[in-house]
Every structure is written in C-alpha cells, then in structure tokens.
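File shown here: work-v4.txt, holding compact mmCIF, C-alpha atoms.
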```txt
# COMPACT_ATOMS: atom_id res chain seq x y z
CA MET A 1 32.62 -28.80 157.75
CA ALA A 2 33.64 -28.36 154.16
CA ALA A 3 36.55 -26.09 153.31
CA SER A 4 34.30 -23.17 152.46
CA HIS A 5 35.09 -19.49 152.69
CA LEU A 6 33.08 -16.57 154.02
CA LEU A 7 32.63 -13.09 152.63
CA ARG A 8 30.16 -10.75 154.30
CA LEU A 9 29.43 -7.03 154.09
CA GLY A 10 28.01 -5.02 156.97
CA LYS A 11 26.99 -1.43 157.69
CA VAL A 12 28.59 0.43 160.60
CA LYS A 13 26.10 3.08 161.75
CA GLY A 14 25.68 5.40 164.72
CA LYS A 15 27.71 7.79 166.83
CA ASN A 16 31.19 6.46 167.68
CA SER A 17 30.38 3.32 165.68
CA VAL A 18 33.60 3.47 163.66
CA LEU A 19 35.69 3.86 166.80
CA ASN A 20 33.91 0.94 168.47
CA ALA A 21 34.42 -1.25 165.40
CA LEU A 22 38.09 -0.32 165.34
CA LYS A 23 38.46 -1.09 169.05
CA HIS A 24 36.99 -4.52 168.45
CA ASN A 25 39.26 -5.16 165.49
CA LYS A 26 42.30 -3.87 167.40
CA ARG A 27 41.31 -5.92 170.47
CA THR A 28 41.22 -2.99 172.89
CA LEU A 29 37.73 -3.64 174.29
CA GLN A 30 38.25 -5.20 177.70
CA ALA A 31 34.65 -6.45 177.86
CA GLU A 32 35.37 -8.87 175.02
CA ARG A 33 37.91 -10.74 177.10
CA GLY A 34 35.58 -11.83 179.88
CA ALA A 35 34.00 -15.19 180.60
CA GLY A 36 31.89 -16.52 177.77
CA ALA A 37 33.72 -14.54 175.10
CA ASN A 38 34.88 -16.34 171.97
CA ILE A 39 38.26 -14.61 172.01
CA ASP A 40 41.23 -16.61 173.28
CA PRO A 41 43.51 -13.95 174.85
CA THR A 42 46.50 -16.32 174.75
CA ARG A 43 46.30 -16.23 170.95
CA THR A 44 45.61 -12.50 170.56
CA PRO A 45 49.34 -11.71 170.10
CA LEU A 46 49.14 -13.76 166.88
CA ASN A 47 46.73 -11.24 165.34
CA TYR A 48 48.17 -8.83 162.78
CA SER A 49 47.24 -5.81 160.70
CA LEU A 50 47.97 -5.39 157.00
CA THR A 51 47.45 -1.61 157.09
CA GLY A 52 49.87 -0.43 159.76
CA SER A 53 49.99 -0.18 163.54
CA ASP A 54 47.97 3.00 164.16
CA SER A 55 45.62 2.91 167.14
CA ALA A 56 41.85 2.81 166.86
CA GLU A 57 41.67 6.43 168.03
CA THR A 58 44.19 7.62 165.43
CA ILE A 59 42.35 5.91 162.58
CA ASP A 60 38.99 7.24 163.79
CA ARG A 61 40.36 10.80 163.86
CA HIS A 62 41.71 10.35 160.34
CA ALA A 63 38.27 9.27 159.12
CA LYS A 64 36.62 12.29 160.74
CA VAL A 65 39.18 14.68 159.23
CA LEU A 66 38.50 13.26 155.76
CA MET A 67 34.78 13.78 156.25
CA VAL A 68 35.22 17.37 157.45
CA GLN A 69 37.47 18.11 154.50
CA ALA A 70 34.65 16.85 152.27
CA GLY A 71 32.22 19.22 154.01
CA ILE A 72 30.56 16.50 156.11
CA ASP A 73 30.78 17.70 159.71
CA GLN A 74 27.27 16.68 160.80
CA PRO A 75 26.42 13.22 159.39
CA ARG A 76 22.79 12.12 159.35
CA ALA A 77 21.59 10.07 162.30
CA ASN A 78 21.20 6.96 160.13
CA GLN A 79 24.35 7.62 158.10
CA VAL A 80 26.42 4.57 157.13
CA MET A 81 29.71 5.60 158.70
CA ALA A 82 31.70 2.63 157.42
CA VAL A 83 31.36 -0.54 155.41
CA GLU A 84 32.90 -3.63 156.98
CA VAL A 85 33.94 -6.60 154.89
CA ILE A 86 34.64 -9.87 156.68
CA PHE A 87 36.67 -12.69 155.16
CA SER A 88 37.05 -16.05 156.86
CA LEU A 89 39.00 -19.25 156.33
CA PRO A 90 37.87 -22.70 157.57
CA ILE A 91 38.71 -23.56 161.16
CA ASP A 92 41.38 -26.07 160.07
CA ARG A 93 43.59 -23.38 158.47
CA HIS A 94 45.16 -22.17 161.74
CA GLN A 95 48.25 -24.26 161.14
CA GLN A 96 48.86 -22.70 157.73
CA ASP A 97 50.36 -19.34 156.82
CA THR A 98 47.32 -17.09 156.43
CA ARG A 99 49.14 -14.01 155.18
CA PRO A 100 49.11 -14.83 151.44
CA PHE A 101 45.34 -15.35 151.48
CA PHE A 102 44.52 -12.25 153.49
CA LYS A 103 46.92 -10.09 151.47
CA ASN A 104 45.00 -11.16 148.38
CA CYS A 105 41.77 -10.29 150.22
CA LEU A 106 43.12 -6.81 150.97
CA GLU A 107 44.04 -6.20 147.34
CA TRP A 108 40.66 -7.56 146.24
CA VAL A 109 38.83 -5.12 148.54
CA LYS A 110 40.84 -2.19 147.19
CA GLN A 111 39.88 -3.19 143.66
CA HIS A 112 36.18 -3.93 144.16
CA ILE A 113 34.93 -1.87 147.13
CA PRO A 114 35.11 1.92 146.63
CA GLY A 115 36.00 4.24 149.50
CA VAL A 116 38.93 4.82 151.84
CA MET A 117 40.54 1.77 153.46
CA LEU A 118 40.78 2.54 157.19
CA SER A 119 42.07 -0.77 158.51
CA PHE A 120 42.51 -4.43 157.67
CA ASP A 121 42.97 -6.59 160.76
CA VAL A 122 43.44 -10.35 160.85
CA HIS A 123 42.20 -12.31 163.88
CA LEU A 124 43.72 -15.65 164.80
CA ASP A 125 42.36 -15.72 168.35
CA GLU A 126 38.91 -17.12 167.53
CA SER A 127 37.71 -20.42 166.10
CA ALA A 128 38.32 -19.54 162.44
CA PRO A 129 41.06 -17.29 161.01
CA HIS A 130 39.29 -14.22 159.69
CA ALA A 131 39.84 -10.58 158.76
CA HIS A 132 37.92 -7.31 159.09
CA ALA A 133 38.31 -4.66 156.40
CA LEU A 134 36.88 -1.33 157.53
CA ILE A 135 36.16 1.15 154.74
CA LEU A 136 35.09 4.79 154.93
CA PRO A 137 32.45 5.03 152.16
CA LEU A 138 33.61 8.46 151.07
CA VAL A 139 33.48 8.56 147.27
CA ASP A 140 33.68 11.73 145.17
CA GLY A 141 33.17 13.88 148.26
CA THR A 142 29.98 12.14 149.44
CA MET A 143 29.19 9.27 151.79
CA GLN A 144 27.86 6.40 149.67
CA GLY A 145 27.56 3.54 152.13
CA ASN A 146 24.12 2.36 151.05
CA LYS A 147 25.10 2.47 147.39
CA ILE A 148 28.26 0.46 148.06
CA MET A 149 26.32 -2.14 150.04
CA GLY A 150 23.61 -2.52 147.44
CA GLY A 151 21.14 -5.35 147.92
CA LYS A 152 21.42 -9.11 148.21
CA GLY A 153 22.08 -9.33 144.49
CA ASN A 154 25.17 -7.16 144.88
CA LEU A 155 26.47 -9.34 147.71
CA MET A 156 26.04 -12.48 145.62
CA ARG A 157 27.80 -10.75 142.72
CA LEU A 158 30.76 -9.90 144.97
CA ILE A 159 30.86 -13.41 146.42
CA ASN A 160 30.98 -14.89 142.92
CA ILE A 161 33.78 -12.53 141.87
CA PHE A 162 35.74 -13.17 145.07
CA HIS A 163 35.43 -16.93 144.65
CA ALA A 164 36.64 -16.76 141.05
CA GLU A 165 39.49 -14.33 141.66
CA VAL A 166 40.76 -15.37 145.10
CA ALA A 167 39.10 -18.18 147.05
CA ARG A 168 39.24 -20.99 144.51
CA HIS A 169 43.00 -20.55 144.19
CA TYR A 170 43.30 -21.61 147.84
CA GLY A 171 41.17 -24.74 147.46
CA LEU A 172 38.11 -23.11 149.00
CA SER A 173 34.52 -23.80 148.00
CA ARG A 174 31.32 -21.84 148.32
CA ASN A 175 29.38 -22.41 151.56
CA GLU A 176 26.69 -25.09 151.52
CA THR A 177 23.70 -23.33 153.04
CA LYS A 178 21.47 -24.15 150.07
CA ARG A 179 22.20 -27.84 150.56
CA LEU A 180 20.97 -27.86 154.15
CA THR A 181 17.52 -29.16 154.92
CA SER A 182 15.17 -26.75 156.69
CA LYS A 183 15.52 -28.81 159.87
CA ALA A 184 19.33 -28.79 159.71
CA LYS A 185 19.42 -25.06 159.02
CA GLU A 186 17.13 -24.37 161.98
CA SER A 187 19.27 -26.56 164.25
CA LEU A 188 22.46 -24.81 163.15
CA LYS A 189 20.86 -21.40 163.69
CA ARG A 190 19.90 -22.34 167.27
CA GLN A 191 23.45 -23.54 167.98
CA VAL A 192 24.95 -20.29 166.72
CA LEU A 193 22.58 -18.13 168.76
CA ALA A 194 23.17 -20.26 171.87
CA ARG A 195 26.95 -19.88 171.48
CA LEU A 196 26.56 -16.10 171.22
CA LEU A 197 24.36 -15.83 174.31
CA ASN A 198 27.09 -14.21 176.41
CA ASP A 199 29.06 -12.71 173.55
CA PRO A 200 29.53 -8.89 173.45
CA VAL A 201 28.11 -8.83 169.92
CA MET A 202 24.62 -9.22 171.41
CA ARG A 203 25.05 -5.86 173.13
CA SER A 204 26.37 -4.19 170.01
CA ILE A 205 24.38 -1.65 168.01
CA ILE A 206 24.82 -3.89 164.97
CA TRP A 207 23.29 -6.95 166.68
CA PRO A 208 19.93 -6.71 164.84
CA CYS A 209 21.78 -6.91 161.52
CA VAL A 210 23.93 -9.80 162.71
CA ARG A 211 20.89 -11.65 164.09
CA ASP A 212 19.00 -11.30 160.81
CA ALA A 213 22.02 -12.50 158.86
CA ILE A 214 22.30 -15.57 161.10
CA HIS A 215 18.63 -16.40 160.54
CA ASN A 216 19.13 -16.07 156.80
CA ASP A 217 22.42 -17.98 156.55
CA PRO A 218 23.82 -19.63 159.72
CA VAL A 219 26.62 -21.59 158.02
CA PRO A 220 29.30 -18.84 157.85
CA TYR A 221 28.72 -17.94 161.51
CA ALA A 222 28.88 -21.58 162.54
CA GLN A 223 32.20 -21.74 160.73
CA LEU A 224 33.51 -18.71 162.61
CA LEU A 225 32.44 -20.21 165.93
CA GLY A 226 33.78 -23.67 165.19
CA ILE A 227 30.36 -25.33 165.24
CA GLU A 228 30.32 -28.47 163.12
CA HIS A 229 27.34 -29.55 161.11
CA LYS A 230 26.74 -32.70 159.14
CA ARG A 231 24.94 -32.39 155.86
CA GLN A 232 22.42 -35.16 155.31
CA PRO A 233 22.40 -36.57 151.79
CA ALA A 234 19.35 -35.45 149.91
CA TYR A 235 16.74 -38.10 149.21
CA THR A 236 16.76 -38.89 145.53
CA GLY A 237 13.91 -41.38 145.48
CA ARG A 238 14.08 -45.10 144.88
CA SER A 239 17.04 -46.57 143.09
CA PHE A 240 16.75 -47.80 139.52
CA VAL A 241 16.84 -51.41 140.73
CA GLN A 242 14.08 -50.74 143.28
CA ILE A 243 11.89 -49.14 140.63
CA MET A 244 12.40 -51.95 138.16
CA THR A 245 11.74 -54.71 140.72
CA SER A 246 8.71 -53.05 142.31
CA LYS A 247 5.25 -54.46 141.61
CA GLY A 248 3.89 -50.92 141.63
CA LYS A 249 0.19 -50.34 141.07
CA GLY A 250 -0.06 -52.05 137.70
CA LYS A 251 0.64 -55.53 136.48
CA GLU A 252 3.46 -57.54 137.99
CA ILE A 253 6.76 -57.05 136.20
CA ASN A 254 9.00 -60.01 135.56
CA THR A 255 12.56 -59.01 136.27
CA ILE A 256 15.39 -60.29 134.14
```
Give the structure from this file in structure tokens form.
Amino acid sequence: MAASHLLRLGKVKGKNSVLNALKHNKRTLQAERGAGANIDPTRTPLNYSLTGSDSAETIDRHAKVLMVQAGIDQPRANQVMAVEVIFSLPIDRHQQDTRPFFKNCLEWVKQHIPGVMLSFDVHLDESAPHAHALILPLVDGTMQGNKIMGGKGNLMRLINIFHAEVARHYGLSRNETKRLTSKAKESLKRQVLARLLNDPVMRSIIWPCVRDAIHNDPVPYAQLLGIEHKRQPAYTGRSFVQIMTSKGKGKEINTI
C-alpha cells in the first residue's frame, strides 16, 4: 500500500459517549482485549498521550464541568458531545519515531478545529500507528459539533490543508481511493468488514457512522487494519503503435 495518510472526523453522540470514547483511547475497556480484537496487548505499553496522563473519568468530568459552567446541564438527546479526529500513518512506520508527526498533528488540530482539546492519544498497538484527538465542541458558550463537522466539502478542505501543512513534509501522499476500480473498491470493503466481524466497534453506538464511512472509502480503514490492496493500472486503450498498425475499419494502412 502506498505511503498515504489518513485524516477522519467523527461525531461522538449519546449518553456516556465521551467517557466510552476516552476509555477506548486510554485502553481501559477490557472487552477490546479479547479474542478477535485488533489490539495487540503486548504493544499497548508503547502507546502514549500528548495531553497528559489524566484518566478517562477525570477528563470526562472536566468536560461536564465546562458544559455546566456554560449553562448546558441537559444536552439534547442527539447532541454532538465531542468531535473526534483520527490521524494515521502507513503500517510500515512502526519502526520510526512517530512523536514528531503526531505532535505536528496535535498543533494542527488546535489551529484548525475549534473547541476544547480533551485528549490526544497515540496508539501503536494496532496495525497502523494512529492517534485520536477528542475535542469538546464548546465554542463561545454553545455546543457547535455539527457546525465544526460541516459536510463532505469541509472534510476535503481540511484534508487538503492537512496534507499541505503537515503530511507532505513526512513523505506522505493522499490516499488512492479514486484510483480504485469499482470491483477493487468492493473487494477491499468486504475485506475490511470481514476483519471487523468480531471487533468491539461493531457493538459501538458509532458503528452506523463507521460502516457508512467504510462503504464510501474503504482504503483508510484497510490501512489501519493492515489489509493490503493492489491497484490495477487503468486501461488507457491501445498503444500508439497498435493504433498505427491496425487495419481498422477503413482502408489498409501501410506502415513505415
């Protein structure tokens, strides 16, 4: 797989959703360590946080206090409680020092994603080195998760900015989803879903969003899971020599 990077935004919604996301990022969910999980517990000690060592519970309480102070003690049922930004490196970057890249990612998030940074955790215990930035979308005293997320156009805008300001300086390219044939994309999607069959993410409240994202663009998730794909060269038609030596439908052409 090409040395491409991943940047994805996701909504964290529902009661206790922030705490559950933090527990995943802090690796305190025991269910994620069972058979079929993608986490390698022998590598979990290599994970690190760039925002301190507070527990998931402490950070969750801090977020709730900030909301109460802003007069938000009863969020709406469908309220976006946090925005999560995921950054990923290619699977072959495990042997390199990942801190410079992810520190730049942290600074980039602070500059481009409004809200309160709750945590920034780097995971080295799965196929690809990646990081989760969890942001409380509290801006000017109101929760603005949907506004921060925007639509697909906003995501593409952020991806372009991130590539120009961070990723390209580490020799990383954009992912190649658009270059996949429909057949190859469908095959990759099936492989990703099959690999996640016993993964705790399928039982998560955010699974519908993850599933839809996989259907739309399976390449970044294949990268995270270490699934290789081979891109078939696009058919460009007959070569110049073939065209010039073909009899075609008209008169015979004498080649030089």
Exercise for the section: Kindly indicate which residue among A:Asn154, A:Asn47, A:Ser17, A:Gln96 lies nearest to A:His123, using all atoms listed in the file for the distances. Expected result: A:Asn47
With a cut-off of 9 Å, could you pull out the residues of stretch 142-205 of chain A touching stretch 5-16 of chain A and give me the nearest pair of atoms for each, distance in Å to one decimal, using only C-alpha atoms, ordered by chain and ascending number, as CSV?
```
residue,atom,partner,partner_atom,distance
A:Gly145,CA,A:Lys11,CA,7.5
A:Asn146,CA,A:Lys11,CA,8.2
A:Met149,CA,A:Leu9,CA,7.1
A:Leu155,CA,A:Leu9,CA,7.4
A:Leu158,CA,A:Leu7,CA,8.5
A:Ile159,CA,A:Leu7,CA,6.5
A:Phe162,CA,A:Leu7,CA,8.2
A:His163,CA,A:His5,CA,8.4
A:Ala167,CA,A:His5,CA,7.0
A:Leu172,CA,A:His5,CA,6.0
A:Ser173,CA,A:His5,CA,6.4
A:Arg174,CA,A:His5,CA,6.2
A:Asn175,CA,A:His5,CA,6.5
A:Ile205,CA,A:Gly14,CA,7.9
```
Handout entry: Residue neighbourhood A:Val210, 12 Å, all atoms listed in the file, exclusion window fewer than 4 positions, as a list of chain:residue names
Key = A:Arg8, A:Leu9, A:Gly10, A:Lys11, A:Val12, A:Val192, A:Leu193, A:Leu196, A:Val201, A:Met202, A:Arg203, A:Ser204, A:Ile205, A:Ile206, A:Ile214, A:His215, A:Asn216, A:Asp217, A:Pro218, A:Pro220, A:Tyr221
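Our summary of the geometry notes that atom CA of A:Thr44 is positioned 6.8 Å from atom CA of A:Leu124.
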Fill in the blank from the handout: Correct to one decimal, the distance atom CA of A:Lys152-atom CA of A:Leu180 is 19.7 Å
Problem - Selection: 8 Å around A:Ala63, all atoms listed in the file, excl. self and same-chain fewer than 3 positions, as an NGL selection string - result: :A and (59-60 or 66-67 or 118 or 136)
What are the centre and edge lengths in Å, to one decimal, of the axis-aligned box around all listed atoms of stretch 120-129 of chain A with 5 Å added on each side, as JSON?
```
{"center_x": 40.7, "center_y": -12.4, "center_z": 163.0, "size_x": 16.0, "size_y": 26.0, "size_z": 20.7}
```
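Across the model, the gap from atom CA of A:Asp97 to atom CA of A:Lys26 is 20.4 Å.
Restricting the calculation to only C-alpha atoms, the smallest distance between A:His112 and any of A:Ala184, A:Leu225, A:Val65, A:Val85 is found for A:Val85.
Of the residues under consideration (A:Asn38, A:Ser53, A:Thr142, A:Asn198), A:Thr142 shows the shortest atom-to-atom contact distance to A:Val68 when counting all atoms listed in the file.
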Problem - Which of A:Ser119, A:Gln144, A:Asn104, A:Gln95 sits closest to A:His169 [using all atoms listed in the file] - result: A:Asn104
Exercise for the section: Tell me which of A:Arg157, A:Asp199, A:Lys185, A:His132 sits closest to A:Val219, counting only C-alpha atoms. Expected result: A:Lys185
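Considering all atoms listed in the file, the residue among A:Asp121, A:Val139, A:Ser88, A:Ala213 positioned nearest to A:Arg27 is A:Asp121.
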